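K.L.:
Okay, here's the structure, questions in a sec.
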Amino acid sequence: QVQLVESGGGLVQAGGSLRLSCAASGRTFSRDTMGWFRQAPGKEREFVAAISWNGGSTHYADSLKGRFTISRNNARNTVYLQVNNLKPEDTAVYYCAARTGRDTFYTASYYLPSRYDYWGRGTQVTVSS
């Protein structure tokens with residue numbers, strides 16, 4: 001059974017930092033694009049970041065550049081999202097997702113949730129002001 005399990009969320013004050021992790025099991029994702037998305041209450045799921053199969057390239061939502069960093073460790077089948085200088089508007093459930101195929105990172109649809117094949121159940125991040 002393929003699973004993506006996120007962890008590392010929590011309650012943090014504005015200006016704080018968190019490191020989210022996504023551990024994969026059931027198959028290796030070392031040749032796949034991995035992404036992070038988030039969904040705030042009453043809003044649609046939005047793209048946060050994506051990373052290529054070997055970690056050599058990344059995409060970020062324009063509004064989050066400089067504060068969020070995505071990385072991966074293929075030996076551990078794990079993807080990370082470092083989030084710094086958190087703001088109350090970052091409050092959301094953060095989801096990890098996988099899109100099969102190493103070339104999928106280079107398509108124009110890397111930011112579309114509908115194009116991802118596997119999803120975790122999410123981890124809640126709450127930022128207090």
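Here, A, B, ... name the chains of the structure tokens in the order displayed, residue numbers run from 1 inside each chain, and ligands are numbered from 1 in the same displayed order.
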Skipping near chain neighbours, those fewer than 5 positions away, what residues fall within 8 Å of region 38-42 of chain A using only C-alpha atoms, listed as a ChimeraX atom specification?
P.N.:
/A:47-48,91-95
K.L.:
Env of region 69-86 of chain A: 9 Å cut, atoms = only C-alpha atoms, seq-sep filter 6 positions within chain, self excluded. Answer as a PDB file with all heavy atoms, in the first residue's frame.
P.N.:
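See part21.pdb below for the written result:
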```pdb
ATOM      1  N   VAL A  12       2.522  27.616  16.084  1.00  0.00           N
ATOM      2  CA  VAL A  12       3.741  28.410  16.184  1.00  0.00           C
ATOM      3  C   VAL A  12       3.380  29.887  16.140  1.00  0.00           C
ATOM      4  O   VAL A  12       2.384  30.266  15.513  1.00  0.00           O
ATOM      5  CB  VAL A  12       4.731  28.032  15.062  1.00  0.00           C
ATOM      6  CG1 VAL A  12       4.152  28.347  13.695  1.00  0.00           C
ATOM      7  CG2 VAL A  12       6.077  28.689  15.257  1.00  0.00           C
ATOM      8  N   GLN A  13       4.176  30.698  16.791  1.00  0.00           N
ATOM      9  CA  GLN A  13       3.947  32.144  16.752  1.00  0.00           C
ATOM     10  C   GLN A  13       4.460  32.726  15.447  1.00  0.00           C
ATOM     11  O   GLN A  13       5.379  32.178  14.814  1.00  0.00           O
ATOM     12  CB  GLN A  13       4.644  32.806  17.929  1.00  0.00           C
ATOM     13  CG  GLN A  13       3.985  32.538  19.270  1.00  0.00           C
ATOM     14  CD  GLN A  13       4.580  33.386  20.380  1.00  0.00           C
ATOM     15  OE1 GLN A  13       5.747  33.754  20.332  1.00  0.00           O
ATOM     16  NE2 GLN A  13       3.767  33.697  21.388  1.00  0.00           N
ATOM     17  N   ALA A  14       3.887  33.825  15.062  1.00  0.00           N
ATOM     18  CA  ALA A  14       4.341  34.528  13.868  1.00  0.00           C
ATOM     19  C   ALA A  14       5.837  34.815  13.982  1.00  0.00           C
ATOM     20  O   ALA A  14       6.320  35.197  15.047  1.00  0.00           O
ATOM     21  CB  ALA A  14       3.564  35.828  13.686  1.00  0.00           C
ATOM     22  N   GLY A  15       6.532  34.604  12.884  1.00  0.00           N
ATOM     23  CA  GLY A  15       7.980  34.766  12.880  1.00  0.00           C
ATOM     24  C   GLY A  15       8.740  33.488  13.151  1.00  0.00           C
ATOM     25  O   GLY A  15       9.960  33.432  12.960  1.00  0.00           O
ATOM     26  N   GLY A  16       8.044  32.471  13.592  1.00  0.00           N
ATOM     27  CA  GLY A  16       8.676  31.198  13.897  1.00  0.00           C
ATOM     28  C   GLY A  16       8.920  30.345  12.658  1.00  0.00           C
ATOM     29  O   GLY A  16       8.620  30.749  11.534  1.00  0.00           O
ATOM     30  N   SER A  17       9.456  29.153  12.903  1.00  0.00           N
ATOM     31  CA  SER A  17       9.804  28.238  11.817  1.00  0.00           C
ATOM     32  C   SER A  17       9.324  26.824  12.128  1.00  0.00           C
ATOM     33  O   SER A  17       9.140  26.457  13.297  1.00  0.00           O
ATOM     34  CB  SER A  17      11.326  28.203  11.625  1.00  0.00           C
ATOM     35  OG  SER A  17      11.824  29.460  11.275  1.00  0.00           O
ATOM     36  N   LEU A  18       9.133  26.080  11.076  1.00  0.00           N
ATOM     37  CA  LEU A  18       8.794  24.666  11.183  1.00  0.00           C
ATOM     38  C   LEU A  18       9.494  23.912  10.064  1.00  0.00           C
ATOM     39  O   LEU A  18       9.751  24.480   9.007  1.00  0.00           O
ATOM     40  CB  LEU A  18       7.286  24.442  11.071  1.00  0.00           C
ATOM     41  CG  LEU A  18       6.384  24.830  12.236  1.00  0.00           C
ATOM     42  CD1 LEU A  18       4.921  24.700  11.828  1.00  0.00           C
ATOM     43  CD2 LEU A  18       6.678  23.986  13.458  1.00  0.00           C
ATOM     44  N   ARG A  19       9.725  22.629  10.306  1.00  0.00           N
ATOM     45  CA  ARG A  19      10.217  21.756   9.249  1.00  0.00           C
ATOM     46  C   ARG A  19       9.222  20.614   9.097  1.00  0.00           C
ATOM     47  O   ARG A  19       9.079  19.781   9.999  1.00  0.00           O
ATOM     48  CB  ARG A  19      11.586  21.196   9.580  1.00  0.00           C
ATOM     49  CG  ARG A  19      12.228  20.457   8.408  1.00  0.00           C
ATOM     50  CD  ARG A  19      13.437  19.683   8.839  1.00  0.00           C
ATOM     51  NE  ARG A  19      14.256  19.253   7.719  1.00  0.00           N
ATOM     52  CZ  ARG A  19      15.100  18.232   7.766  1.00  0.00           C
ATOM     53  NH1 ARG A  19      15.236  17.548   8.886  1.00  0.00           N
ATOM     54  NH2 ARG A  19      15.830  17.906   6.713  1.00  0.00           N
ATOM     55  N   LEU A  20       8.555  20.605   7.967  1.00  0.00           N
ATOM     56  CA  LEU A  20       7.593  19.557   7.674  1.00  0.00           C
ATOM     57  C   LEU A  20       8.304  18.410   6.961  1.00  0.00           C
ATOM     58  O   LEU A  20       9.194  18.636   6.138  1.00  0.00           O
ATOM     59  CB  LEU A  20       6.456  20.092   6.808  1.00  0.00           C
ATOM     60  CG  LEU A  20       5.750  21.351   7.311  1.00  0.00           C
ATOM     61  CD1 LEU A  20       4.609  21.711   6.362  1.00  0.00           C
ATOM     62  CD2 LEU A  20       5.264  21.198   8.724  1.00  0.00           C
ATOM     63  N   SER A  21       7.883  17.201   7.267  1.00  0.00           N
ATOM     64  CA  SER A  21       8.436  16.016   6.622  1.00  0.00           C
ATOM     65  C   SER A  21       7.326  15.214   5.972  1.00  0.00           C
ATOM     66  O   SER A  21       6.176  15.246   6.428  1.00  0.00           O
ATOM     67  CB  SER A  21       9.153  15.131   7.652  1.00  0.00           C
ATOM     68  OG  SER A  21      10.236  15.804   8.249  1.00  0.00           O
ATOM     69  N   CYS A  22       7.685  14.503   4.932  1.00  0.00           N
ATOM     70  CA  CYS A  22       6.748  13.614   4.245  1.00  0.00           C
ATOM     71  C   CYS A  22       7.482  12.309   3.986  1.00  0.00           C
ATOM     72  O   CYS A  22       8.397  12.266   3.153  1.00  0.00           O
ATOM     73  CB  CYS A  22       6.282  14.247   2.956  1.00  0.00           C
ATOM     74  SG  CYS A  22       5.340  13.136   1.887  1.00  0.00           S
ATOM     75  N   ALA A  23       7.062  11.278   4.690  1.00  0.00           N
ATOM     76  CA  ALA A  23       7.691   9.967   4.543  1.00  0.00           C
ATOM     77  C   ALA A  23       6.842   9.090   3.649  1.00  0.00           C
ATOM     78  O   ALA A  23       5.633   8.946   3.865  1.00  0.00           O
ATOM     79  CB  ALA A  23       7.862   9.319   5.911  1.00  0.00           C
ATOM     80  N   ALA A  24       7.474   8.528   2.649  1.00  0.00           N
ATOM     81  CA  ALA A  24       6.774   7.678   1.696  1.00  0.00           C
ATOM     82  C   ALA A  24       7.051   6.216   1.984  1.00  0.00           C
ATOM     83  O   ALA A  24       8.143   5.851   2.405  1.00  0.00           O
ATOM     84  CB  ALA A  24       7.201   8.020   0.278  1.00  0.00           C
ATOM     85  N   SER A  25       6.057   5.400   1.728  1.00  0.00           N
ATOM     86  CA  SER A  25       6.227   3.954   1.870  1.00  0.00           C
ATOM     87  C   SER A  25       5.383   3.249   0.828  1.00  0.00           C
ATOM     88  O   SER A  25       4.486   3.836   0.236  1.00  0.00           O
ATOM     89  CB  SER A  25       5.823   3.508   3.278  1.00  0.00           C
ATOM     90  OG  SER A  25       4.464   3.795   3.518  1.00  0.00           O
ATOM     91  N   ARG A  27       6.284   2.227  -2.094  1.00  0.00           N
ATOM     92  CA  ARG A  27       7.021   2.297  -3.358  1.00  0.00           C
ATOM     93  C   ARG A  27       8.071   3.384  -3.209  1.00  0.00           C
ATOM     94  O   ARG A  27       7.943   4.278  -2.347  1.00  0.00           O
ATOM     95  CB  ARG A  27       6.118   2.589  -4.562  1.00  0.00           C
ATOM     96  CG  ARG A  27       5.578   3.990  -4.614  1.00  0.00           C
ATOM     97  CD  ARG A  27       4.617   4.172  -5.803  1.00  0.00           C
ATOM     98  NE  ARG A  27       5.266   4.189  -7.088  1.00  0.00           N
ATOM     99  CZ  ARG A  27       5.767   5.273  -7.670  1.00  0.00           C
ATOM    100  NH1 ARG A  27       5.719   6.436  -7.045  1.00  0.00           N
ATOM    101  NH2 ARG A  27       6.309   5.205  -8.877  1.00  0.00           N
ATOM    102  N   THR A  28       9.058   3.349  -4.073  1.00  0.00           N
ATOM    103  CA  THR A  28      10.040   4.413  -4.067  1.00  0.00           C
ATOM    104  C   THR A  28       9.560   5.556  -4.946  1.00  0.00           C
ATOM    105  O   THR A  28       8.952   5.340  -5.995  1.00  0.00           O
ATOM    106  CB  THR A  28      11.413   3.924  -4.547  1.00  0.00           C
ATOM    107  OG1 THR A  28      12.318   5.022  -4.540  1.00  0.00           O
ATOM    108  CG2 THR A  28      11.324   3.372  -5.965  1.00  0.00           C
ATOM    109  N   PHE A  29       9.819   6.784  -4.500  1.00  0.00           N
ATOM    110  CA  PHE A  29       9.470   7.968  -5.267  1.00  0.00           C
ATOM    111  C   PHE A  29      10.707   8.668  -5.796  1.00  0.00           C
ATOM    112  O   PHE A  29      10.656   9.845  -6.164  1.00  0.00           O
ATOM    113  CB  PHE A  29       8.642   8.914  -4.402  1.00  0.00           C
ATOM    114  CG  PHE A  29       7.258   8.407  -4.106  1.00  0.00           C
ATOM    115  CD1 PHE A  29       6.983   7.708  -2.943  1.00  0.00           C
ATOM    116  CD2 PHE A  29       6.231   8.613  -5.011  1.00  0.00           C
ATOM    117  CE1 PHE A  29       5.713   7.226  -2.682  1.00  0.00           C
ATOM    118  CE2 PHE A  29       4.951   8.153  -4.749  1.00  0.00           C
ATOM    119  CZ  PHE A  29       4.694   7.454  -3.581  1.00  0.00           C
ATOM    120  N   SER A  30      11.802   7.953  -5.841  1.00  0.00           N
ATOM    121  CA  SER A  30      13.068   8.579  -6.207  1.00  0.00           C
ATOM    122  C   SER A  30      13.124   9.032  -7.658  1.00  0.00           C
ATOM    123  O   SER A  30      14.021   9.789  -8.022  1.00  0.00           O
ATOM    124  CB  SER A  30      14.218   7.615  -5.924  1.00  0.00           C
ATOM    125  OG  SER A  30      14.076   6.436  -6.690  1.00  0.00           O
ATOM    126  N   ARG A  31      12.182   8.563  -8.481  1.00  0.00           N
ATOM    127  CA  ARG A  31      12.155   9.014  -9.876  1.00  0.00           C
ATOM    128  C   ARG A  31      10.943   9.899 -10.161  1.00  0.00           C
ATOM    129  O   ARG A  31      10.574  10.105 -11.326  1.00  0.00           O
ATOM    130  CB  ARG A  31      12.148   7.807 -10.805  1.00  0.00           C
ATOM    131  CG  ARG A  31      13.426   7.001 -10.763  1.00  0.00           C
ATOM    132  CD  ARG A  31      13.391   5.863 -11.768  1.00  0.00           C
ATOM    133  NE  ARG A  31      14.633   5.106 -11.795  1.00  0.00           N
ATOM    134  CZ  ARG A  31      14.916   4.114 -10.985  1.00  0.00           C
ATOM    135  NH1 ARG A  31      14.046   3.742 -10.062  1.00  0.00           N
ATOM    136  NH2 ARG A  31      16.070   3.476 -11.072  1.00  0.00           N
ATOM    137  N   MET A  34       8.009  15.554  -6.537  1.00  0.00           N
ATOM    138  CA  MET A  34       7.325  15.666  -5.256  1.00  0.00           C
ATOM    139  C   MET A  34       6.911  17.110  -5.026  1.00  0.00           C
ATOM    140  O   MET A  34       7.628  18.040  -5.413  1.00  0.00           O
ATOM    141  CB  MET A  34       8.220  15.214  -4.118  1.00  0.00           C
ATOM    142  CG  MET A  34       8.684  13.770  -4.225  1.00  0.00           C
ATOM    143  SD  MET A  34       7.335  12.573  -4.176  1.00  0.00           S
ATOM    144  CE  MET A  34       6.768  12.783  -2.484  1.00  0.00           C
ATOM    145  N   GLY A  35       5.757  17.283  -4.403  1.00  0.00           N
ATOM    146  CA  GLY A  35       5.261  18.634  -4.183  1.00  0.00           C
ATOM    147  C   GLY A  35       4.631  18.811  -2.818  1.00  0.00           C
ATOM    148  O   GLY A  35       4.278  17.829  -2.146  1.00  0.00           O
ATOM    149  N   TRP A  36       4.537  20.063  -2.424  1.00  0.00           N
ATOM    150  CA  TRP A  36       3.793  20.448  -1.235  1.00  0.00           C
ATOM    151  C   TRP A  36       2.687  21.411  -1.657  1.00  0.00           C
ATOM    152  O   TRP A  36       2.920  22.315  -2.469  1.00  0.00           O
ATOM    153  CB  TRP A  36       4.696  21.139  -0.217  1.00  0.00           C
ATOM    154  CG  TRP A  36       5.603  20.228   0.540  1.00  0.00           C
ATOM    155  CD1 TRP A  36       6.901  19.921   0.240  1.00  0.00           C
ATOM    156  CD2 TRP A  36       5.296  19.503   1.737  1.00  0.00           C
ATOM    157  NE1 TRP A  36       7.413  19.048   1.163  1.00  0.00           N
ATOM    158  CE2 TRP A  36       6.452  18.784   2.104  1.00  0.00           C
ATOM    159  CE3 TRP A  36       4.166  19.398   2.542  1.00  0.00           C
ATOM    160  CZ2 TRP A  36       6.491  17.973   3.235  1.00  0.00           C
ATOM    161  CZ3 TRP A  36       4.216  18.605   3.662  1.00  0.00           C
ATOM    162  CH2 TRP A  36       5.369  17.889   4.002  1.00  0.00           C
ATOM    163  N   ALA A  49       5.235  24.287  -3.347  1.00  0.00           N
ATOM    164  CA  ALA A  49       6.568  24.040  -3.895  1.00  0.00           C
ATOM    165  C   ALA A  49       6.614  22.661  -4.536  1.00  0.00           C
ATOM    166  O   ALA A  49       5.808  21.785  -4.193  1.00  0.00           O
ATOM    167  CB  ALA A  49       7.629  24.137  -2.805  1.00  0.00           C
ATOM    168  N   ALA A  50       7.556  22.482  -5.448  1.00  0.00           N
ATOM    169  CA  ALA A  50       7.790  21.175  -6.068  1.00  0.00           C
ATOM    170  C   ALA A  50       9.288  20.986  -6.242  1.00  0.00           C
ATOM    171  O   ALA A  50      10.042  21.967  -6.360  1.00  0.00           O
ATOM    172  CB  ALA A  50       7.074  21.064  -7.407  1.00  0.00           C
ATOM    173  N   ILE A  51       9.701  19.730  -6.283  1.00  0.00           N
ATOM    174  CA  ILE A  51      11.113  19.410  -6.435  1.00  0.00           C
ATOM    175  C   ILE A  51      11.266  18.272  -7.429  1.00  0.00           C
ATOM    176  O   ILE A  51      10.458  17.340  -7.464  1.00  0.00           O
ATOM    177  CB  ILE A  51      11.736  19.059  -5.062  1.00  0.00           C
ATOM    178  CG1 ILE A  51      13.256  18.952  -5.165  1.00  0.00           C
ATOM    179  CG2 ILE A  51      11.098  17.809  -4.463  1.00  0.00           C
ATOM    180  CD1 ILE A  51      13.946  18.941  -3.802  1.00  0.00           C
ATOM    181  N   TRP A  53      13.024  15.001  -9.446  1.00  0.00           N
ATOM    182  CA  TRP A  53      13.291  13.662  -8.932  1.00  0.00           C
ATOM    183  C   TRP A  53      14.641  13.568  -8.215  1.00  0.00           C
ATOM    184  O   TRP A  53      14.786  12.816  -7.244  1.00  0.00           O
ATOM    185  CB  TRP A  53      13.247  12.652 -10.074  1.00  0.00           C
ATOM    186  CG  TRP A  53      14.344  12.832 -11.084  1.00  0.00           C
ATOM    187  CD1 TRP A  53      14.378  13.711 -12.120  1.00  0.00           C
ATOM    188  CD2 TRP A  53      15.584  12.130 -11.127  1.00  0.00           C
ATOM    189  NE1 TRP A  53      15.551  13.588 -12.813  1.00  0.00           N
ATOM    190  CE2 TRP A  53      16.310  12.632 -12.224  1.00  0.00           C
ATOM    191  CE3 TRP A  53      16.149  11.107 -10.358  1.00  0.00           C
ATOM    192  CZ2 TRP A  53      17.585  12.157 -12.555  1.00  0.00           C
ATOM    193  CZ3 TRP A  53      17.409  10.633 -10.688  1.00  0.00           C
ATOM    194  CH2 TRP A  53      18.113  11.164 -11.783  1.00  0.00           C
ATOM    195  N   ASN A  54      15.634  14.329  -8.681  1.00  0.00           N
ATOM    196  CA  ASN A  54      16.962  14.235  -8.066  1.00  0.00           C
ATOM    197  C   ASN A  54      17.266  15.402  -7.131  1.00  0.00           C
ATOM    198  O   ASN A  54      18.388  15.536  -6.638  1.00  0.00           O
ATOM    199  CB  ASN A  54      18.039  14.146  -9.138  1.00  0.00           C
ATOM    200  CG  ASN A  54      18.073  15.388 -10.023  1.00  0.00           C
ATOM    201  OD1 ASN A  54      17.221  16.271  -9.908  1.00  0.00           O
ATOM    202  ND2 ASN A  54      19.052  15.454 -10.900  1.00  0.00           N
ATOM    203  N   GLY A  55      16.294  16.267  -6.920  1.00  0.00           N
ATOM    204  CA  GLY A  55      16.492  17.406  -6.043  1.00  0.00           C
ATOM    205  C   GLY A  55      17.239  18.555  -6.669  1.00  0.00           C
ATOM    206  O   GLY A  55      17.510  19.553  -6.016  1.00  0.00           O
ATOM    207  N   THR A  58      13.862  23.174  -8.381  1.00  0.00           N
ATOM    208  CA  THR A  58      12.693  23.434  -7.547  1.00  0.00           C
ATOM    209  C   THR A  58      11.803  24.497  -8.173  1.00  0.00           C
ATOM    210  O   THR A  58      12.260  25.330  -8.962  1.00  0.00           O
ATOM    211  CB  THR A  58      13.096  23.914  -6.145  1.00  0.00           C
ATOM    212  OG1 THR A  58      13.938  25.059  -6.265  1.00  0.00           O
ATOM    213  CG2 THR A  58      13.830  22.828  -5.371  1.00  0.00           C
ATOM    214  N   HIS A  59      10.536  24.438  -7.821  1.00  0.00           N
ATOM    215  CA  HIS A  59       9.577  25.496  -8.160  1.00  0.00           C
ATOM    216  C   HIS A  59       8.958  25.960  -6.846  1.00  0.00           C
ATOM    217  O   HIS A  59       8.733  25.157  -5.943  1.00  0.00           O
ATOM    218  CB  HIS A  59       8.439  24.965  -9.035  1.00  0.00           C
ATOM    219  CG  HIS A  59       8.819  24.620 -10.435  1.00  0.00           C
ATOM    220  ND1 HIS A  59       9.385  25.520 -11.304  1.00  0.00           N
ATOM    221  CD2 HIS A  59       8.689  23.449 -11.126  1.00  0.00           C
ATOM    222  CE1 HIS A  59       9.575  24.929 -12.471  1.00  0.00           C
ATOM    223  NE2 HIS A  59       9.178  23.676 -12.387  1.00  0.00           N
ATOM    224  N   TYR A  60       8.637  27.245  -6.770  1.00  0.00           N
ATOM    225  CA  TYR A  60       7.928  27.784  -5.611  1.00  0.00           C
ATOM    226  C   TYR A  60       6.807  28.705  -6.068  1.00  0.00           C
ATOM    227  O   TYR A  60       6.917  29.355  -7.108  1.00  0.00           O
ATOM    228  CB  TYR A  60       8.877  28.602  -4.726  1.00  0.00           C
ATOM    229  CG  TYR A  60       9.949  27.773  -4.058  1.00  0.00           C
ATOM    230  CD1 TYR A  60      11.215  27.656  -4.606  1.00  0.00           C
ATOM    231  CD2 TYR A  60       9.680  27.115  -2.862  1.00  0.00           C
ATOM    232  CE1 TYR A  60      12.195  26.895  -4.008  1.00  0.00           C
ATOM    233  CE2 TYR A  60      10.656  26.343  -2.239  1.00  0.00           C
ATOM    234  CZ  TYR A  60      11.907  26.245  -2.823  1.00  0.00           C
ATOM    235  OH  TYR A  60      12.874  25.485  -2.211  1.00  0.00           O
ATOM    236  N   CYS A  96       1.519  16.729   1.275  1.00  0.00           N
ATOM    237  CA  CYS A  96       2.588  16.233   0.423  1.00  0.00           C
ATOM    238  C   CYS A  96       1.954  15.458  -0.728  1.00  0.00           C
ATOM    239  O   CYS A  96       0.925  14.788  -0.544  1.00  0.00           O
ATOM    240  CB  CYS A  96       3.485  15.324   1.258  1.00  0.00           C
ATOM    241  SG  CYS A  96       4.729  14.415   0.362  1.00  0.00           S
ATOM    242  N   VAL A 127      -0.537  29.380  12.734  1.00  0.00           N
ATOM    243  CA  VAL A 127       0.365  30.466  13.101  1.00  0.00           C
ATOM    244  C   VAL A 127      -0.428  31.529  13.852  1.00  0.00           C
ATOM    245  O   VAL A 127      -1.390  32.082  13.308  1.00  0.00           O
ATOM    246  CB  VAL A 127       1.035  31.080  11.860  1.00  0.00           C
ATOM    247  CG1 VAL A 127       2.056  32.134  12.271  1.00  0.00           C
ATOM    248  CG2 VAL A 127       1.697  29.993  11.018  1.00  0.00           C
TER     249      VAL A 127
END
```
K.L.:
So how far away is CA of Arg45 (chain A) from CA of Pro113 (chain A), in Å?
P.N.:
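That distance, rounded to one decimal, is 7.5 Å.
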K.L.:
Using only C-alpha atoms, find the one residue out of A:Ser114, A:Asp90, A:Trp119, A:Ala108 that sits nearest to Gly9 (chain A).
P.N.:
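Among the listed residues, the smallest separation from Gly9 (chain A) belongs to A:Asp90.
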K.L.:
Which is closest to Leu112 (chain A) among A:Lys87, A:Ser129, A:Lys65, A:Phe37, if we use only C-alpha atoms?
P.N.:
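Among the listed residues, A:Phe37 lies closest to Leu112 (chain A).
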K.L.:
List every residue of region 13-123 of chain A that DSSP, applied to the backbone, labels as strand (DSSP E), and write the result as a VMD selection string.
P.N.:
chain A and resid 13 18 to 25 33 to 39 46 to 51 58 to 60 68 to 73 78 to 83 92 to 99 118 to 119 123
K.L.:
Write the selection just made, keeping C-alpha atoms, as a PDB file, in the first residue's frame?
P.N.:
```pdb
ATOM      1  CA  GLN A  13       3.947  32.144  16.752  1.00  0.00           C
ATOM      2  CA  LEU A  18       8.794  24.666  11.183  1.00  0.00           C
ATOM      3  CA  ARG A  19      10.217  21.756   9.249  1.00  0.00           C
ATOM      4  CA  LEU A  20       7.593  19.557   7.674  1.00  0.00           C
ATOM      5  CA  SER A  21       8.436  16.016   6.622  1.00  0.00           C
ATOM      6  CA  CYS A  22       6.748  13.614   4.245  1.00  0.00           C
ATOM      7  CA  ALA A  23       7.691   9.967   4.543  1.00  0.00           C
ATOM      8  CA  ALA A  24       6.774   7.678   1.696  1.00  0.00           C
ATOM      9  CA  SER A  25       6.227   3.954   1.870  1.00  0.00           C
ATOM     10  CA  THR A  33       8.266  14.838  -8.816  1.00  0.00           C
ATOM     11  CA  MET A  34       7.325  15.666  -5.256  1.00  0.00           C
ATOM     12  CA  GLY A  35       5.261  18.634  -4.183  1.00  0.00           C
ATOM     13  CA  TRP A  36       3.793  20.448  -1.235  1.00  0.00           C
ATOM     14  CA  PHE A  37       0.376  22.059  -1.299  1.00  0.00           C
ATOM     15  CA  ARG A  38      -1.715  23.747   1.356  1.00  0.00           C
ATOM     16  CA  GLN A  39      -5.357  24.411   1.993  1.00  0.00           C
ATOM     17  CA  GLU A  46      -2.887  25.839  -3.532  1.00  0.00           C
ATOM     18  CA  PHE A  47       0.583  25.031  -4.751  1.00  0.00           C
ATOM     19  CA  VAL A  48       3.481  25.687  -2.401  1.00  0.00           C
ATOM     20  CA  ALA A  49       6.568  24.040  -3.895  1.00  0.00           C
ATOM     21  CA  ALA A  50       7.790  21.175  -6.068  1.00  0.00           C
ATOM     22  CA  ILE A  51      11.113  19.410  -6.435  1.00  0.00           C
ATOM     23  CA  THR A  58      12.693  23.434  -7.547  1.00  0.00           C
ATOM     24  CA  HIS A  59       9.577  25.496  -8.160  1.00  0.00           C
ATOM     25  CA  TYR A  60       7.928  27.784  -5.611  1.00  0.00           C
ATOM     26  CA  PHE A  68       9.902  28.217   2.066  1.00  0.00           C
ATOM     27  CA  THR A  69      12.494  25.642   1.047  1.00  0.00           C
ATOM     28  CA  ILE A  70      11.729  22.206  -0.349  1.00  0.00           C
ATOM     29  CA  SER A  71      14.278  19.390  -0.263  1.00  0.00           C
ATOM     30  CA  ARG A  72      14.371  15.619  -0.511  1.00  0.00           C
ATOM     31  CA  ASN A  73      16.367  12.625   0.614  1.00  0.00           C
ATOM     32  CA  THR A  78      11.399  11.540   2.356  1.00  0.00           C
ATOM     33  CA  VAL A  79      10.614  15.094   1.305  1.00  0.00           C
ATOM     34  CA  TYR A  80      10.908  18.156   3.502  1.00  0.00           C
ATOM     35  CA  LEU A  81       9.513  21.655   3.611  1.00  0.00           C
ATOM     36  CA  GLN A  82      11.347  24.212   5.713  1.00  0.00           C
ATOM     37  CA  VAL A  83       9.107  27.151   6.485  1.00  0.00           C
ATOM     38  CA  ALA A  92      -3.460  25.778   6.614  1.00  0.00           C
ATOM     39  CA  VAL A  93      -3.299  22.036   6.266  1.00  0.00           C
ATOM     40  CA  TYR A  94      -0.112  21.190   4.387  1.00  0.00           C
ATOM     41  CA  TYR A  95      -0.178  18.229   2.022  1.00  0.00           C
ATOM     42  CA  CYS A  96       2.588  16.233   0.423  1.00  0.00           C
ATOM     43  CA  ALA A  97       2.006  14.846  -3.062  1.00  0.00           C
ATOM     44  CA  ALA A  98       3.811  12.764  -5.655  1.00  0.00           C
ATOM     45  CA  ARG A  99       3.550  12.910  -9.415  1.00  0.00           C
ATOM     46  CA  TYR A 118      -0.493  10.278  -4.627  1.00  0.00           C
ATOM     47  CA  TRP A 119      -1.431  12.376  -1.623  1.00  0.00           C
ATOM     48  CA  THR A 123      -0.446  18.139   8.675  1.00  0.00           C
TER      49      THR A 123
END
```
K.L.:
Please indicate the distance in Å from CA of Thr107 (chain A) to CA of Asp62 (chain A), rounded to one decimal place.
P.N.:
17.2 Å
K.L.:
Would you mind telling me which residue in A:Glu89, A:Asp32, A:Asp117, A:Asp103 lies nearest to Leu64 (chain A) when using only C-alpha atoms?
P.N.:
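Selected residue with least distance to Leu64 (chain A): A:Glu89.
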K.L.:
Any idea what the distance is between CA of Phe105 (chain A) and CA of Ser52 (chain A)?
P.N.:
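Separation between CA of Phe105 (chain A) and CA of Ser52 (chain A): 5.5 Å.
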K.L.:
Quick one: pick out all helix (DSSP H, G or I) residues within region 36-104 of chain A from a backbone DSSP run and write them as a PyMOL selection string.
P.N.:
chain A and resi 62-64+74-76+88-90+102-104
